[in-house]
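Reproduced below: run-v4.txt, with compact mmCIF, C-alpha atoms.
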# COMPACT_ATOMS: atom_id res chain seq x y z
CA MET A 216 -14.45 12.75 -7.16
CA LEU A 217 -16.26 9.42 -7.27
CA PRO A 218 -19.81 9.18 -8.60
CA ASN A 219 -22.49 9.65 -5.92
CA LYS A 220 -23.37 5.94 -5.71
CA LEU A 221 -19.75 5.16 -4.91
CA GLU A 222 -19.13 8.07 -2.56
CA THR A 223 -17.69 6.76 0.65
CA MET A 224 -18.10 7.96 4.20
CA SER A 225 -16.36 7.29 7.48
CA ALA A 226 -17.00 4.78 10.27
CA SER A 227 -19.05 7.41 12.09
CA GLU A 228 -21.44 7.49 9.16
CA VAL A 229 -21.66 3.69 9.25
CA THR A 230 -22.67 4.12 12.89
CA ALA A 231 -25.32 6.62 11.80
CA TYR A 232 -26.54 4.19 9.13
CA ILE A 233 -26.88 1.43 11.73
CA LYS A 234 -28.61 3.68 14.26
CA ALA A 235 -31.11 4.81 11.61
CA GLN A 236 -32.50 1.27 11.39
CA ASP A 237 -35.22 -0.11 13.63
CA PRO A 238 -33.87 -1.46 16.96
CA THR A 239 -33.81 -5.13 15.92
CA LYS A 240 -31.94 -4.47 12.68
CA ALA A 241 -29.60 -2.01 14.40
CA LYS A 242 -28.68 -4.53 17.09
CA THR A 243 -27.95 -7.23 14.49
CA LEU A 244 -26.00 -4.87 12.21
CA GLU A 245 -23.89 -3.64 15.13
CA ALA A 246 -23.15 -7.23 16.18
CA MET A 247 -22.20 -8.08 12.60
CA ARG A 248 -19.91 -5.05 12.38
CA THR A 249 -18.21 -6.08 15.60
CA LEU A 250 -17.82 -9.62 14.27
CA LEU A 251 -16.32 -8.44 10.99
CA LEU A 252 -13.80 -6.27 12.82
CA GLU A 253 -12.88 -9.20 15.08
CA VAL A 254 -12.21 -11.35 12.01
CA GLU A 255 -10.10 -8.61 10.36
CA PRO A 256 -9.35 -5.55 12.52
CA LYS A 257 -7.78 -3.68 9.58
CA LEU A 258 -11.07 -3.42 7.68
CA GLU A 259 -12.03 0.15 6.86
CA GLN A 260 -15.69 1.08 7.27
CA THR A 261 -17.50 3.13 4.69
CA ILE A 262 -20.89 3.69 3.09
CA ALA A 263 -21.34 2.77 -0.57
CA TRP A 264 -24.42 1.76 -2.54
CA LYS A 265 -26.53 2.75 0.51
CA SER A 266 -24.86 -0.08 2.46
CA ALA A 267 -22.31 -0.44 5.22
CA MET A 268 -19.23 -1.63 3.36
CA PHE A 269 -15.90 -2.88 4.64
CA LYS A 270 -12.72 -2.35 2.66
CA TYR A 271 -9.14 -3.55 2.79
CA ASN A 272 -6.42 -1.68 0.89
CA ASP A 273 -9.12 0.31 -0.95
CA LYS A 274 -10.85 -2.87 -2.17
CA PHE A 275 -14.36 -3.80 -1.06
CA VAL A 276 -14.37 -6.96 1.05
CA VAL A 277 -17.96 -7.35 2.27
CA GLY A 278 -21.07 -5.30 2.84
CA LEU A 279 -24.13 -5.26 5.08
CA CYS A 280 -27.43 -3.78 4.04
CA ALA A 281 -30.80 -3.39 5.76
CA HIS A 282 -33.93 -4.06 3.73
CA LYS A 283 -37.59 -3.97 4.70
CA GLY A 284 -37.86 -7.62 5.71
CA HIS A 285 -34.27 -8.88 5.89
CA LEU A 286 -30.59 -7.99 6.01
CA SER A 287 -28.08 -8.86 3.32
CA PHE A 288 -24.42 -9.80 3.38
CA SER A 289 -22.62 -9.05 0.14
CA LEU A 290 -19.35 -10.06 -1.46
CA PRO A 291 -18.31 -8.02 -4.48
CA SER A 292 -17.21 -11.26 -6.13
CA SER A 293 -20.01 -13.46 -7.46
CA GLU A 294 -17.48 -16.14 -8.40
CA LEU A 295 -16.26 -16.32 -4.82
CA LEU A 296 -19.77 -16.37 -3.37
CA GLY A 297 -20.57 -19.32 -5.63
CA THR A 298 -17.80 -21.37 -4.05
CA PHE A 299 -19.67 -21.28 -0.73
CA SER A 300 -22.92 -22.78 -2.03
CA GLU A 301 -22.87 -25.59 0.55
CA ASP A 302 -22.27 -23.15 3.44
CA LEU A 303 -25.03 -20.88 2.16
CA LYS A 304 -27.62 -23.51 1.21
CA ASP A 305 -30.06 -22.28 3.88
CA PHE A 306 -29.98 -18.65 2.67
CA VAL A 307 -31.67 -16.83 -0.20
CA LEU A 308 -28.86 -16.08 -2.65
CA SER A 309 -28.53 -13.45 -5.35
CA LYS A 310 -25.58 -12.74 -7.63
CA ASN A 311 -23.35 -11.06 -5.04
CA SER A 312 -25.21 -11.43 -1.74
CA PHE A 313 -27.36 -13.53 0.49
CA GLN A 314 -30.23 -12.63 2.80
CA PHE A 315 -30.46 -13.31 6.50
CA ALA A 316 -33.03 -12.56 9.17
CA VAL A 317 -33.12 -9.15 10.84
CA ASP A 318 -32.52 -10.77 14.24
CA GLN A 319 -29.89 -13.32 13.12
CA VAL A 320 -26.20 -12.70 13.69
CA LEU A 321 -24.34 -14.94 11.27
CA PRO A 322 -22.01 -17.57 12.75
CA LYS A 323 -18.46 -16.35 13.25
CA LYS A 324 -17.10 -19.43 11.45
CA LEU A 325 -19.08 -18.57 8.30
CA VAL A 326 -18.21 -14.86 8.41
CA SER A 327 -14.55 -15.69 8.94
CA LYS A 328 -14.50 -18.08 5.96
CA LEU A 329 -16.11 -15.48 3.69
CA VAL A 330 -13.89 -12.59 4.80
CA LYS A 331 -10.68 -14.60 4.65
CA ALA A 332 -11.51 -15.95 1.20
CA ARG A 333 -12.23 -12.43 -0.09
CA LEU A 334 -9.01 -11.09 1.44
CA LYS A 335 -7.08 -13.91 -0.21
CA GLU A 336 -8.72 -13.05 -3.54
CA ILE A 337 -7.71 -9.39 -3.12
CA ARG A 338 -4.11 -10.23 -2.21
CA GLU A 339 -3.73 -12.65 -5.13
CA ALA A 340 -5.08 -10.09 -7.59
CA LYS A 341 -2.03 -7.87 -7.13

Let me see the structure of the file written as structure tokens.
Amino acid sequence: MLPNKLETMSASEVTAYIKAQDPTKAKTLEAMRTLLLEVEPKLEQTIAWKSAMFKYNDKFVVGLCAHKGHLSFSLPSSELLGTFSEDLKDFVLSKNSFQFAVDQVLPKKLVSKLVKARLKEIREAK
């Protein structure tokens, strides 16, 4: 069994996580989930680190998390996130994530670039 902080749950529990947020955050998170699944329909949904996480072949690809005053989009690869500094110049960055407004759905072009780059990183790591 995985440690509690890594315990994963199903897509229905991601739905519950989203619905537990205030209406503005929930609407944005649901739109982001839909967008992620449009970019890569094979992503598996799970909960880890108190965030909605999306996996591919048992590897974390990206995550979404609701905070008091913002949402965050995370990549489990700080090196990869750093390669998108120009694309992310208008966001508050941390080591593995960036913040965005609770009512802001990220552009599909940006999300697609991030997801595809992470999937490429995963495939090349084999």

Inset, instruction - Record the distance separating CA of His285 (chain A) and CA of Thr239 (chain A), expressed in Å with one decimal. - result: 10.7 Å

Legend entry - Among the residues A:Lys304, A:Ser327, A:Ala241, A:Gln236, the one that comes closest to Glu253 (chain A) [using only C-alpha atoms]: A:Ser327

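Going from CA of Gly297 (chain A) over to CA of Ala340 (chain A), you cover 18.1 Å.
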
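Of the listed residues (A:Lys270, A:Lys265, A:Lys310, A:Lys283), A:Lys270 comes nearest to Arg333 (chain A); the distances count only C-alpha atoms.
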
Legend entry - Who sits within 12 Å of Ser300 (chain A), all atoms listed in the file, same chain under 3 positions skipped, as a ChimeraX atom specification: /A:293-297,303-310,312-313,325,329
